[in-house]
file model20.pdb (PDB, C-alpha atoms)
ATOM      1  CA  MET A   1      56.461  90.392 202.381  1.00  0.00           C
ATOM      2  CA  SER A   2      59.773  92.098 201.711  1.00  0.00           C
ATOM      3  CA  GLU A   3      61.286  92.499 198.298  1.00  0.00           C
ATOM      4  CA  THR A   4      64.757  91.202 197.708  1.00  0.00           C
ATOM      5  CA  ASN A   5      67.431  93.163 195.899  1.00  0.00           C
ATOM      6  CA  PRO A   6      68.928  91.078 193.084  1.00  0.00           C
ATOM      7  CA  ASN A   7      72.393  92.424 193.947  1.00  0.00           C
ATOM      8  CA  GLN A   8      72.152  91.068 197.459  1.00  0.00           C
ATOM      9  CA  ASN A   9      72.383  87.478 198.464  1.00  0.00           C
ATOM     10  CA  PRO A  10      69.008  86.030 199.443  1.00  0.00           C
ATOM     11  CA  PRO A  11      68.554  85.427 203.133  1.00  0.00           C
ATOM     12  CA  ILE A  12      69.904  82.114 204.219  1.00  0.00           C
ATOM     13  CA  THR A  13      67.394  79.717 205.579  1.00  0.00           C
ATOM     14  CA  GLU A  14      68.179  76.557 207.482  1.00  0.00           C
ATOM     15  CA  SER A  15      66.596  74.459 204.770  1.00  0.00           C
ATOM     16  CA  GLN A  16      69.137  75.487 202.119  1.00  0.00           C
ATOM     17  CA  SER A  17      72.117  73.295 201.695  1.00  0.00           C
ATOM     18  CA  THR A  18      75.632  74.529 201.349  1.00  0.00           C
ATOM     19  CA  GLU A  19      75.641  73.493 197.721  1.00  0.00           C
ATOM     20  CA  GLU A  20      72.539  75.522 197.009  1.00  0.00           C
ATOM     21  CA  MET A  21      74.066  78.541 198.720  1.00  0.00           C
ATOM     22  CA  VAL A  22      77.272  78.229 196.682  1.00  0.00           C
ATOM     23  CA  ALA A  23      75.247  77.845 193.463  1.00  0.00           C
ATOM     24  CA  ALA A  24      73.102  80.893 194.304  1.00  0.00           C
ATOM     25  CA  GLN A  25      76.156  82.938 195.139  1.00  0.00           C
ATOM     26  CA  ALA A  26      77.860  81.859 191.894  1.00  0.00           C
ATOM     27  CA  ALA A  27      74.749  82.821 189.912  1.00  0.00           C
ATOM     28  CA  ASN A  28      74.685  86.270 191.542  1.00  0.00           C
ATOM     29  CA  GLU A  29      78.372  86.763 190.842  1.00  0.00           C
ATOM     30  CA  GLY A  30      77.831  85.627 187.228  1.00  0.00           C
ATOM     31  CA  ASP A  31      75.008  88.158 186.800  1.00  0.00           C
ATOM     32  CA  ALA A  32      77.161  90.926 188.274  1.00  0.00           C
ATOM     33  CA  LEU A  33      80.049  89.930 185.986  1.00  0.00           C
ATOM     34  CA  SER A  34      77.734  89.929 182.954  1.00  0.00           C
ATOM     35  CA  ARG A  35      76.428  93.393 183.865  1.00  0.00           C
ATOM     36  CA  ALA A  36      79.983  94.687 184.417  1.00  0.00           C
ATOM     37  CA  GLN A  37      81.101  93.270 181.050  1.00  0.00           C
ATOM     38  CA  ALA A  38      78.085  94.852 179.306  1.00  0.00           C
ATOM     39  CA  ASP A  39      78.850  98.207 180.967  1.00  0.00           C
ATOM     40  CA  LEU A  40      82.505  97.890 179.951  1.00  0.00           C
ATOM     41  CA  ALA A  41      81.568  97.134 176.338  1.00  0.00           C
ATOM     42  CA  GLU A  42      79.182 100.127 176.288  1.00  0.00           C
ATOM     43  CA  LEU A  43      81.871 102.430 177.723  1.00  0.00           C
ATOM     44  CA  GLN A  44      84.444 101.127 175.235  1.00  0.00           C
ATOM     45  CA  ALA A  45      82.052 101.824 172.336  1.00  0.00           C
ATOM     46  CA  LYS A  46      81.365 105.312 173.671  1.00  0.00           C
ATOM     47  CA  SER A  47      85.113 105.916 174.084  1.00  0.00           C
ATOM     48  CA  ALA A  48      85.782 104.789 170.504  1.00  0.00           C
ATOM     49  CA  GLU A  49      83.008 107.077 169.243  1.00  0.00           C
ATOM     50  CA  LEU A  50      84.419 110.051 171.161  1.00  0.00           C
ATOM     51  CA  ALA A  51      87.936 109.288 169.892  1.00  0.00           C
ATOM     52  CA  ASP A  52      86.596 109.221 166.317  1.00  0.00           C
ATOM     53  CA  GLN A  53      84.755 112.524 166.839  1.00  0.00           C
ATOM     54  CA  TYR A  54      87.928 114.054 168.281  1.00  0.00           C
ATOM     55  CA  LEU A  55      90.047 112.926 165.318  1.00  0.00           C
ATOM     56  CA  ARG A  56      87.471 114.256 162.829  1.00  0.00           C
ATOM     57  CA  ALA A  57      87.261 117.609 164.641  1.00  0.00           C
ATOM     58  CA  LYS A  58      91.060 117.834 164.780  1.00  0.00           C
ATOM     59  CA  ALA A  59      91.339 117.073 161.054  1.00  0.00           C
ATOM     60  CA  GLU A  60      88.660 119.658 160.269  1.00  0.00           C
ATOM     61  CA  ALA A  61      90.467 122.276 162.368  1.00  0.00           C
ATOM     62  CA  ASP A  62      93.779 121.459 160.648  1.00  0.00           C
ATOM     63  CA  ASN A  63      92.135 121.775 157.227  1.00  0.00           C
ATOM     64  CA  ALA A  64      90.564 125.118 158.172  1.00  0.00           C
ATOM     65  CA  ARG A  65      93.932 126.370 159.433  1.00  0.00           C
ATOM     66  CA  ARG A  66      95.658 125.288 156.200  1.00  0.00           C
ATOM     67  CA  ARG A  67      92.970 126.977 154.068  1.00  0.00           C
ATOM     68  CA  ALA A  68      93.312 130.184 156.096  1.00  0.00           C
ATOM     69  CA  GLU A  69      97.115 130.104 155.736  1.00  0.00           C
ATOM     70  CA  ASP A  70      96.753 129.621 151.958  1.00  0.00           C
ATOM     71  CA  GLU A  71      94.323 132.538 151.721  1.00  0.00           C
ATOM     72  CA  ILE A  72      96.642 134.770 153.765  1.00  0.00           C
ATOM     73  CA  SER A  73      99.582 133.763 151.597  1.00  0.00           C
ATOM     74  CA  LYS A  74      97.652 134.585 148.424  1.00  0.00           C
ATOM     75  CA  ALA A  75      96.429 137.874 149.886  1.00  0.00           C
ATOM     76  CA  ARG A  76     100.004 138.894 150.715  1.00  0.00           C
ATOM     77  CA  LYS A  77     101.284 137.768 147.341  1.00  0.00           C
ATOM     78  CA  PHE A  78      98.679 139.671 145.341  1.00  0.00           C
ATOM     79  CA  ALA A  79      97.955 142.575 147.709  1.00  0.00           C
ATOM     80  CA  VAL A  80      99.634 145.152 145.493  1.00  0.00           C
ATOM     81  CA  GLU A  81      98.198 143.788 142.253  1.00  0.00           C
ATOM     82  CA  ALA A  82      95.279 146.243 142.058  1.00  0.00           C
ATOM     83  CA  PHE A  83      97.500 149.137 143.105  1.00  0.00           C
ATOM     84  CA  ALA A  84     100.164 148.264 140.524  1.00  0.00           C
ATOM     85  CA  GLU A  85      97.481 147.903 137.856  1.00  0.00           C
ATOM     86  CA  SER A  86      96.186 151.399 138.584  1.00  0.00           C
ATOM     87  CA  LEU A  87      99.725 152.802 138.235  1.00  0.00           C
ATOM     88  CA  LEU A  88     100.335 151.307 134.782  1.00  0.00           C
ATOM     89  CA  PRO A  89      98.598 154.199 132.913  1.00  0.00           C
ATOM     90  CA  VAL A  90     100.868 156.622 134.791  1.00  0.00           C
ATOM     91  CA  ALA A  91     103.932 154.720 133.601  1.00  0.00           C
ATOM     92  CA  ASP A  92     102.524 154.651 130.065  1.00  0.00           C
ATOM     93  CA  SER A  93     102.019 158.433 130.125  1.00  0.00           C
ATOM     94  CA  LEU A  94     105.560 159.038 131.360  1.00  0.00           C
ATOM     95  CA  GLU A  95     106.985 156.780 128.645  1.00  0.00           C
ATOM     96  CA  ALA A  96     104.865 158.496 125.968  1.00  0.00           C
ATOM     97  CA  GLY A  97     106.113 161.894 127.149  1.00  0.00           C
ATOM     98  CA  LEU A  98     109.717 160.783 126.956  1.00  0.00           C
ATOM     99  CA  ILE A  99     109.306 159.592 123.366  1.00  0.00           C
ATOM    100  CA  ILE A 100     108.525 163.123 122.126  1.00  0.00           C
ATOM    101  CA  LYS A 101     111.880 164.604 121.137  1.00  0.00           C
ATOM    102  CA  ASP A 102     110.905 168.167 120.181  1.00  0.00           C
ATOM    103  CA  ALA A 103     108.403 168.923 122.966  1.00  0.00           C
ATOM    104  CA  THR A 104     108.090 172.524 124.024  1.00  0.00           C
ATOM    105  CA  HIS A 105     108.331 173.613 127.626  1.00  0.00           C
ATOM    106  CA  GLU A 106     104.558 174.157 127.671  1.00  0.00           C
ATOM    107  CA  GLN A 107     103.857 170.672 126.235  1.00  0.00           C
ATOM    108  CA  LEU A 108     106.114 169.064 128.842  1.00  0.00           C
ATOM    109  CA  ARG A 109     104.322 170.999 131.577  1.00  0.00           C
ATOM    110  CA  GLU A 110     100.870 169.970 130.321  1.00  0.00           C
ATOM    111  CA  GLY A 111     101.997 166.336 130.033  1.00  0.00           C
ATOM    112  CA  ALA A 112     103.444 166.383 133.555  1.00  0.00           C
ATOM    113  CA  GLN A 113     100.211 167.883 134.930  1.00  0.00           C
ATOM    114  CA  ALA A 114      98.100 165.254 133.128  1.00  0.00           C
ATOM    115  CA  THR A 115     100.350 162.492 134.451  1.00  0.00           C
ATOM    116  CA  LEU A 116     100.145 163.929 137.986  1.00  0.00           C
ATOM    117  CA  ARG A 117      96.333 163.915 137.738  1.00  0.00           C
ATOM    118  CA  GLN A 118      96.466 160.247 136.674  1.00  0.00           C
ATOM    119  CA  LEU A 119      98.764 159.436 139.584  1.00  0.00           C
ATOM    120  CA  LEU A 120      96.588 161.253 142.135  1.00  0.00           C
ATOM    121  CA  ALA A 121      93.469 159.506 140.765  1.00  0.00           C
ATOM    122  CA  ALA A 122      95.215 156.111 141.045  1.00  0.00           C
ATOM    123  CA  LEU A 123      96.236 156.881 144.636  1.00  0.00           C
ATOM    124  CA  GLU A 124      92.703 157.981 145.505  1.00  0.00           C
ATOM    125  CA  ARG A 125      91.186 154.816 143.975  1.00  0.00           C
ATOM    126  CA  ASN A 126      93.470 152.822 146.248  1.00  0.00           C
ATOM    127  CA  LYS A 127      92.511 154.833 149.353  1.00  0.00           C
ATOM    128  CA  VAL A 128      95.826 156.704 149.571  1.00  0.00           C
ATOM    129  CA  ILE A 129      94.674 160.088 150.858  1.00  0.00           C
ATOM    130  CA  PRO A 130      96.868 163.199 151.032  1.00  0.00           C
ATOM    131  CA  ILE A 131      97.489 164.867 154.386  1.00  0.00           C
ATOM    132  CA  ASN A 132      97.633 168.555 153.473  1.00  0.00           C
ATOM    133  CA  PRO A 133      96.716 170.733 156.477  1.00  0.00           C
ATOM    134  CA  GLN A 134      95.444 174.267 155.862  1.00  0.00           C
ATOM    135  CA  PRO A 135      97.950 176.829 157.172  1.00  0.00           C
ATOM    136  CA  GLY A 136      96.553 179.008 159.928  1.00  0.00           C
ATOM    137  CA  THR A 137      93.444 176.889 160.555  1.00  0.00           C
ATOM    138  CA  THR A 138      94.751 173.414 161.340  1.00  0.00           C
ATOM    139  CA  LYS A 139      96.073 172.497 164.767  1.00  0.00           C
ATOM    140  CA  PHE A 140      99.304 170.525 164.845  1.00  0.00           C
ATOM    141  CA  ASP A 141      98.523 166.786 165.137  1.00  0.00           C
ATOM    142  CA  PRO A 142     101.613 164.678 165.950  1.00  0.00           C
ATOM    143  CA  HIS A 143      99.848 161.618 164.517  1.00  0.00           C
ATOM    144  CA  GLN A 144      99.602 163.216 161.059  1.00  0.00           C
ATOM    145  CA  HIS A 145     102.187 165.999 161.039  1.00  0.00           C
ATOM    146  CA  GLN A 146     105.904 166.227 161.644  1.00  0.00           C
ATOM    147  CA  ALA A 147     107.038 169.644 162.879  1.00  0.00           C
ATOM    148  CA  ILE A 148     110.242 170.726 161.182  1.00  0.00           C
ATOM    149  CA  SER A 149     110.389 174.099 162.891  1.00  0.00           C
ATOM    150  CA  VAL A 150     108.579 176.367 165.316  1.00  0.00           C
ATOM    151  CA  VAL A 151     108.262 179.895 163.962  1.00  0.00           C
ATOM    152  CA  PRO A 152     106.895 183.152 165.368  1.00  0.00           C
ATOM    153  CA  SER A 153     103.500 183.847 163.837  1.00  0.00           C
ATOM    154  CA  GLU A 154     100.263 185.776 164.305  1.00  0.00           C
ATOM    155  CA  PHE A 155      98.451 182.399 164.362  1.00  0.00           C
ATOM    156  CA  GLU A 156      97.493 180.652 167.576  1.00  0.00           C
ATOM    157  CA  ALA A 157     100.248 178.531 169.186  1.00  0.00           C
ATOM    158  CA  ASN A 158     100.613 174.977 167.824  1.00  0.00           C
ATOM    159  CA  THR A 159      98.846 175.887 164.582  1.00  0.00           C
ATOM    160  CA  VAL A 160     100.289 174.804 161.226  1.00  0.00           C
ATOM    161  CA  VAL A 161     101.905 177.852 159.575  1.00  0.00           C
ATOM    162  CA  THR A 162     103.320 176.281 156.397  1.00  0.00           C
ATOM    163  CA  VAL A 163     103.270 172.886 154.744  1.00  0.00           C
ATOM    164  CA  LEU A 164     106.697 171.961 153.427  1.00  0.00           C
ATOM    165  CA  GLN A 165     105.664 168.524 152.109  1.00  0.00           C
ATOM    166  CA  LYS A 166     102.268 166.805 151.956  1.00  0.00           C
ATOM    167  CA  GLY A 167     101.841 163.586 153.867  1.00  0.00           C
ATOM    168  CA  TYR A 168      99.794 160.536 152.898  1.00  0.00           C
ATOM    169  CA  ALA A 169      97.609 158.049 154.741  1.00  0.00           C
ATOM    170  CA  ILE A 170      96.032 154.775 153.728  1.00  0.00           C
ATOM    171  CA  ALA A 171      93.031 153.345 155.594  1.00  0.00           C
ATOM    172  CA  ASP A 172      93.556 155.675 158.578  1.00  0.00           C
ATOM    173  CA  ARG A 173      97.229 154.711 158.803  1.00  0.00           C
ATOM    174  CA  VAL A 174      99.824 157.371 158.138  1.00  0.00           C
ATOM    175  CA  LEU A 175     102.241 156.364 155.399  1.00  0.00           C
ATOM    176  CA  ARG A 176     104.175 159.603 155.634  1.00  0.00           C
ATOM    177  CA  PRO A 177     103.388 162.545 157.935  1.00  0.00           C
ATOM    178  CA  ALA A 178     103.092 166.027 156.475  1.00  0.00           C
ATOM    179  CA  LEU A 179     106.206 168.135 157.107  1.00  0.00           C
ATOM    180  CA  VAL A 180     105.064 171.428 158.642  1.00  0.00           C
ATOM    181  CA  SER A 181     106.186 174.575 160.420  1.00  0.00           C
ATOM    182  CA  VAL A 182     104.222 175.317 163.602  1.00  0.00           C
ATOM    183  CA  ALA A 183     103.377 178.631 165.252  1.00  0.00           C
ATOM    184  CA  ALA A 184     105.361 179.324 168.396  1.00  0.00           C
ATOM    185  CA  ALA A 185     103.694 180.208 171.694  1.00  0.00           C
ATOM    186  CA  LYS A 186     103.346 183.961 172.198  1.00  0.00           C
TER     187      LYS A 186
END
call {"tool": "encode", "arguments": {"input": "model20.pdb", "output": "structure tokens"}}
result
Amino acid sequence: MSETNPNQNPPITESQSTEEMVAAQAANEGDALSRAQADLAELQAKSAELADQYLRAKAEADNARRRAEDEISKARKFAVEAFAESLLPVADSLEAGLIIKDATHEQLREGAQATLRQLLAALERNKVIPINPQPGTTKFDPHQHQAISVVPSEFEANTVVTVLQKGYAIADRVLRPALVSVAAAK
């Protein structure tokens, strides 16, 4: 006995009438249409669900982007706040020194030195590090030094001979290179 596939028309026998064959064929087509409509409805529901998930993911990504932009904007706006706050005592010291009318040369010098110490401490707290190469022992580094002149010297060639002005760096980035004289080749 062979099994019949429901998607195929049953074998036609001589005993079936034309009406029965038409009715059987219509029933098969109706079943196929019902299955196709059920599949279509399932695919439409899945499509709607995926569209909803897409819209939610897009909205979430947009919100994350907006939050990140706000944070970046605030970071830029207030980036110098801590640095400026650490410089306020330096400004206060300078103003206090200027108020004294009858200060001696020695008092002015002491006040300037104290204010310089405050300034250097504020720079150090904010990771602003001086670039002050040791003459005679430091090799010229074009990333940190700017050679103003090449001078004859007993030091090895391309060695810093004198520092004309200290440089400064912040977080491994040079703000201002040190101005130096470099030993000439012998």
call {"tool": "closest_residue", "arguments": {"input": "model20.pdb", "among": "A:Arg109, A:His145, A:Arg173, A:Arg35", "to": "Val160 in chain A", "atoms": "only C-alpha atoms"}}
result
A:His145
call {"tool": "closest_residue", "arguments": {"input": "model20.pdb", "among": "A:Glu124, A:Asp39, A:Glu95, A:Asp141", "to": "Ala178 in chain A", "atoms": "all atoms listed in the file"}}
result
A:Asp141
call {"tool": "resolve_selection", "arguments": {"input": "model20.pdb", "expression": "the PyMOL selection byres ((chain A and resi 163-172) around 7)", "output": "PyMOL selection string"}}
result
chain A and resi 127-132+162+173-181
call {"tool": "closest_residue", "arguments": {"input": "model20.pdb", "among": "A:Ser34, A:Gln118, A:Thr104, A:Asn126", "to": "Ala82 in chain A", "atoms": "all atoms listed in the file"}}
result
A:Asn126
call {"tool": "closest_residue", "arguments": {"input": "model20.pdb", "among": "A:Gln146, A:Tyr54, A:Glu49, A:Asp102", "to": "Pro133 in chain A", "atoms": "all atoms listed in the file"}}
result
A:Gln146
call {"tool": "closest_residue", "arguments": {"input": "model20.pdb", "among": "A:Leu50, A:Ala45, A:Ala183, A:Gln37", "to": "Val150 in chain A", "atoms": "all atoms listed in the file"}}
result
A:Ala183
